[in-house]
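Trainee: What follows is start01.pdb, PDB, C-alpha atoms.
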ATOM      1  CA  MET A1061       0.000   0.000   0.000
ATOM      2  CA  SER A1062       1.512   3.345  -1.045
ATOM      3  CA  VAL A1063       1.548   6.440   1.118
ATOM      4  CA  PRO A1064       0.422   9.686  -0.560
ATOM      5  CA  ASP A1065       3.053  12.398  -1.039
ATOM      6  CA  ARG A1066       0.900  15.004   0.643
ATOM      7  CA  ALA A1067      -2.033  15.060   3.031
ATOM      8  CA  PRO A1068      -5.530  15.563   1.561
ATOM      9  CA  SER A1069      -5.854  18.858   3.462
ATOM     10  CA  ASP A1070      -2.675  20.334   1.916
ATOM     11  CA  PRO A1071      -3.204  22.782  -0.935
ATOM     12  CA  PRO A1072      -2.228  21.463  -4.372
ATOM     13  CA  PRO A1073       1.218  22.378  -5.657
ATOM     14  CA  ALA A1074       1.508  25.379  -7.961
ATOM     15  CA  ALA A1075       1.742  23.179 -11.059
ATOM     16  CA  GLU A1076      -1.601  21.526 -10.254
ATOM     17  CA  ALA A1077      -3.455  24.653  -9.080
ATOM     18  CA  PRO A1078      -6.108  25.830 -11.532
ATOM     19  CA  LEU A1079      -5.585  29.305 -12.918
ATOM     20  CA  ASP A1080      -8.410  31.760 -12.644
ATOM     21  CA  GLU A1081      -8.965  34.724 -14.972
ATOM     22  CA  GLU A1082      -7.606  37.277 -12.533
ATOM     23  CA  SER A1083      -4.285  35.512 -12.010
ATOM     24  CA  VAL A1084      -3.800  35.124 -15.766
ATOM     25  CA  ASP A1085      -4.674  38.759 -16.545
ATOM     26  CA  GLU A1086      -2.465  40.119 -13.767
ATOM     27  CA  ALA A1087       0.581  37.987 -14.560
ATOM     28  CA  PRO A1088       3.712  40.120 -14.885
ATOM     29  CA  ALA A1089       4.756  40.803 -18.441
ATOM     30  CA  ASP A1090       8.108  39.617 -19.664
ATOM     31  CA  ALA A1091      10.672  42.425 -19.837
ATOM     32  CA  MET A1092      11.612  41.410 -23.392
ATOM     33  CA  ALA A1093       8.006  41.379 -24.664
ATOM     34  CA  PRO A1094       6.957  44.346 -26.800
ATOM     35  CA  GLU A1095       4.497  46.818 -25.295
ATOM     36  CA  ARG A1096       0.907  45.973 -25.994
ATOM     37  CA  LEU A1097      -1.283  48.609 -27.563
ATOM     38  CA  GLY A1098      -5.012  48.744 -26.911
ATOM     39  CA  LEU A1099      -7.141  47.203 -24.232
ATOM     40  CA  THR A1100      -6.244  44.249 -22.099
ATOM     41  CA  PRO A1101      -8.571  41.237 -22.373
ATOM     42  CA  ARG A1102     -10.135  42.073 -19.006
ATOM     43  CA  GLN A1103     -10.788  45.679 -20.032
ATOM     44  CA  ALA A1104     -12.310  44.537 -23.326
ATOM     45  CA  ARG A1105     -14.639  42.131 -21.506
ATOM     46  CA  ARG A1106     -15.759  44.822 -19.071
ATOM     47  CA  LEU A1107     -16.309  47.297 -21.903
ATOM     48  CA  ARG A1108     -18.474  44.821 -23.854
ATOM     49  CA  ILE A1109     -20.478  43.947 -20.753
ATOM     50  CA  ALA A1110     -21.080  47.630 -19.993
ATOM     51  CA  ALA A1111     -22.075  48.363 -23.607
ATOM     52  CA  ALA A1112     -24.488  45.419 -23.709
ATOM     53  CA  ALA A1113     -26.008  46.372 -20.351
ATOM     54  CA  LEU A1114     -26.473  49.972 -21.507
ATOM     55  CA  LEU A1115     -28.075  48.805 -24.747
ATOM     56  CA  MET A1116     -30.295  46.433 -22.791
ATOM     57  CA  ALA A1117     -31.534  49.300 -20.606
ATOM     58  CA  ALA A1118     -32.136  51.481 -23.677
ATOM     59  CA  ALA A1119     -34.056  48.666 -25.394
ATOM     60  CA  ALA A1120     -36.236  48.218 -22.302
ATOM     61  CA  VAL A1121     -37.052  51.950 -22.261
ATOM     62  CA  LEU A1122     -37.809  51.927 -26.003
ATOM     63  CA  LEU A1123     -40.017  48.882 -25.545
ATOM     64  CA  ALA A1124     -41.999  50.669 -22.824
ATOM     65  CA  VAL A1125     -42.373  53.785 -24.998
ATOM     66  CA  ARG A1126     -43.447  51.755 -28.050
ATOM     67  CA  LEU A1127     -45.957  49.755 -26.038
ATOM     68  CA  ALA A1128     -47.422  52.948 -24.566
ATOM     69  CA  SER A1129     -48.056  54.345 -28.046
ATOM     70  CA  ARG A1130     -49.352  51.108 -29.586
ATOM     71  CA  SER A1131     -49.540  47.560 -28.408
ATOM     72  CA  SER A1132     -48.306  45.090 -30.965
ATOM     73  CA  VAL A1133     -46.898  41.621 -30.682
ATOM     74  CA  LEU A1134     -44.339  42.551 -33.321
ATOM     75  CA  VAL A1135     -43.020  45.412 -31.171
ATOM     76  CA  VAL A1136     -42.618  43.067 -28.218
ATOM     77  CA  GLY A1137     -40.944  40.512 -30.474
ATOM     78  CA  VAL A1138     -38.369  42.893 -31.961
ATOM     79  CA  TYR A1139     -37.369  44.503 -28.687
ATOM     80  CA  GLY A1140     -37.653  41.224 -26.804
ATOM     81  CA  LEU A1141     -35.166  39.629 -29.194
ATOM     82  CA  LEU A1142     -32.842  42.611 -28.733
ATOM     83  CA  LEU A1143     -33.032  42.173 -24.949
ATOM     84  CA  ILE A1144     -32.253  38.469 -25.280
ATOM     85  CA  LEU A1145     -29.349  39.264 -27.607
ATOM     86  CA  CYS A1146     -27.929  41.756 -25.102
ATOM     87  CA  GLY A1147     -28.070  39.095 -22.397
ATOM     88  CA  LEU A1148     -26.307  36.666 -24.713
ATOM     89  CA  VAL A1149     -23.576  39.224 -25.426
ATOM     90  CA  ILE A1150     -23.061  39.786 -21.706
ATOM     91  CA  GLU A1151     -22.675  36.043 -21.154
ATOM     92  CA  LEU A1152     -20.303  35.686 -24.118
ATOM     93  CA  SER A1153     -18.195  38.549 -22.766
ATOM     94  CA  ARG A1154     -18.057  36.921 -19.338
ATOM     95  CA  ARG A1155     -16.730  33.767 -20.975
ATOM     96  CA  GLY A1156     -14.058  35.647 -22.926
ATOM     97  CA  ARG A1157     -15.698  35.665 -26.373
ATOM     98  CA  THR A1158     -15.614  39.447 -26.686
ATOM     99  CA  ARG A1159     -15.048  39.660 -30.436
ATOM    100  CA  LEU A1160     -17.985  37.376 -31.189
ATOM    101  CA  GLY A1161     -20.079  39.321 -28.684
ATOM    102  CA  SER A1162     -19.188  42.599 -30.381
ATOM    103  CA  TYR A1163     -20.191  41.289 -33.788
ATOM    104  CA  LEU A1164     -23.486  39.960 -32.437
ATOM    105  CA  LEU A1165     -24.210  43.192 -30.595
ATOM    106  CA  ALA A1166     -23.584  45.349 -33.677
ATOM    107  CA  THR A1167     -25.559  43.035 -35.968
ATOM    108  CA  GLY A1168     -28.470  42.800 -33.539
ATOM    109  CA  LEU A1169     -28.611  46.551 -33.047
ATOM    110  CA  VAL A1170     -28.647  47.193 -36.794
ATOM    111  CA  ALA A1171     -31.305  44.513 -37.322
ATOM    112  CA  ALA A1172     -33.511  45.908 -34.525
ATOM    113  CA  LEU A1173     -33.217  49.449 -35.897
ATOM    114  CA  LEU A1174     -34.052  48.263 -39.407
ATOM    115  CA  MET A1175     -37.052  46.319 -38.104
ATOM    116  CA  ASP A1176     -38.178  49.377 -36.164
ATOM    117  CA  VAL A1177     -37.953  51.658 -39.191
ATOM    118  CA  VAL A1178     -39.195  49.286 -41.895
ATOM    119  CA  VAL A1179     -41.734  47.033 -40.207
ATOM    120  CA  LEU A1180     -42.998  48.878 -37.155
ATOM    121  CA  SER A1181     -43.401  52.346 -38.748
TER
END
The structure given in the file should be rewritten as structure tokens.
Mentor:
Amino acid sequence: MSVPDRAPSDPPPAAEAPLDEESVDEAPADAMAPERLGLTPRQARRLRIAAAALLMAAAAVLLAVRLASRSSVLVVGVYGLLLILCGLVIELSRRGRTRLGSYLLATGLVAALLMDVVVLS
């Protein structure tokens, strides 16, 4: 019967410890690495989450205004899909898929505006 190298209550060695997002983003940069221009991955994620949350709030206000002026299932559908898309973008940004989230957010916003102008007017 073999004896374990460490007790079960001991923390795992550094090689076995899982890395979380914060420890990866805050790792010191190599002195020989060139300077990085633009946003860090963490800043990009936070920016996309803030933009999607702001758009979600604006869509909710627009939905309330549109429903006050006329009640239509199509209005609820268009703005409801935009709200769902904003939630999806927030989740994608949390998981590190910021570029995909940005593309979806821009495409969804353009589609919702086109639907508002063409179909709902």
Trainee: For stretch 1103-1114 of chain A, work out the shell of residues within 7 Å, counting all atoms listed in the file and skipping chain neighbours fewer than 2 positions away, then give it as a PyMOL selection string.
Mentor: chain A and resi 1099-1101+1116-1118+1146+1149-1150+1153-1154+1156+1158+1162
Trainee: Would you compute the distance between atom CA of A:Gly1147 and atom CA of A:Leu1122? Give it in Å to one decimal.
Mentor: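 Atom-to-atom, atom CA of A:Gly1147 and atom CA of A:Leu1122 are spaced 16.5 Å apart.
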Trainee: I need the residue nearest A:Glu1151 from this list: A:Leu1164, A:Ala1119, A:Leu1097, A:Val1138. Use only C-alpha atoms for the distance.
Mentor: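 Between A:Leu1164, A:Ala1119, A:Leu1097, A:Val1138, the residue approaching A:Glu1151 most closely is A:Leu1164.
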Trainee: Just how far from atom CA of A:Ile1144 is atom CA of A:Gly1161, in Å to one decimal?
Mentor: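 Straight-line distance from atom CA of A:Gly1161 to atom CA of A:Ile1144 works out to 12.7 Å.
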Trainee: Have a look at atom CA of A:Leu1145 and atom CA of A:Arg1157 and let me know their distance in Å, one decimal.
Mentor: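 Computing it gives 14.2 Å between the two atoms.
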Trainee: Taking only C-alpha atoms into account, which of A:Leu1123, A:Met1175, A:Val1170, A:Leu1180 comes nearest A:Leu1143?
Mentor: A:Leu1123
Trainee: Could the centre and edge lengths of an axis-aligned box, enclosing all atoms of stretch 1153-1162 of chain A in the file with 3 Å extra on each side, be given in Å to one decimal as AutoDock Vina command-line options?
Mentor:
--center_x -17.1 --center_y 38.2 --center_z -25.3 --size_x 12.0 --size_y 14.8 --size_z 17.9
Trainee: Which residue out of A:Glu1095, A:Leu1115, A:Ser1129, A:Ala1120 has the minimum interatomic distance to A:Leu1169 when all atoms listed in the file are used?
Mentor: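 Distance minimum relative to A:Leu1169 lands on A:Leu1115.
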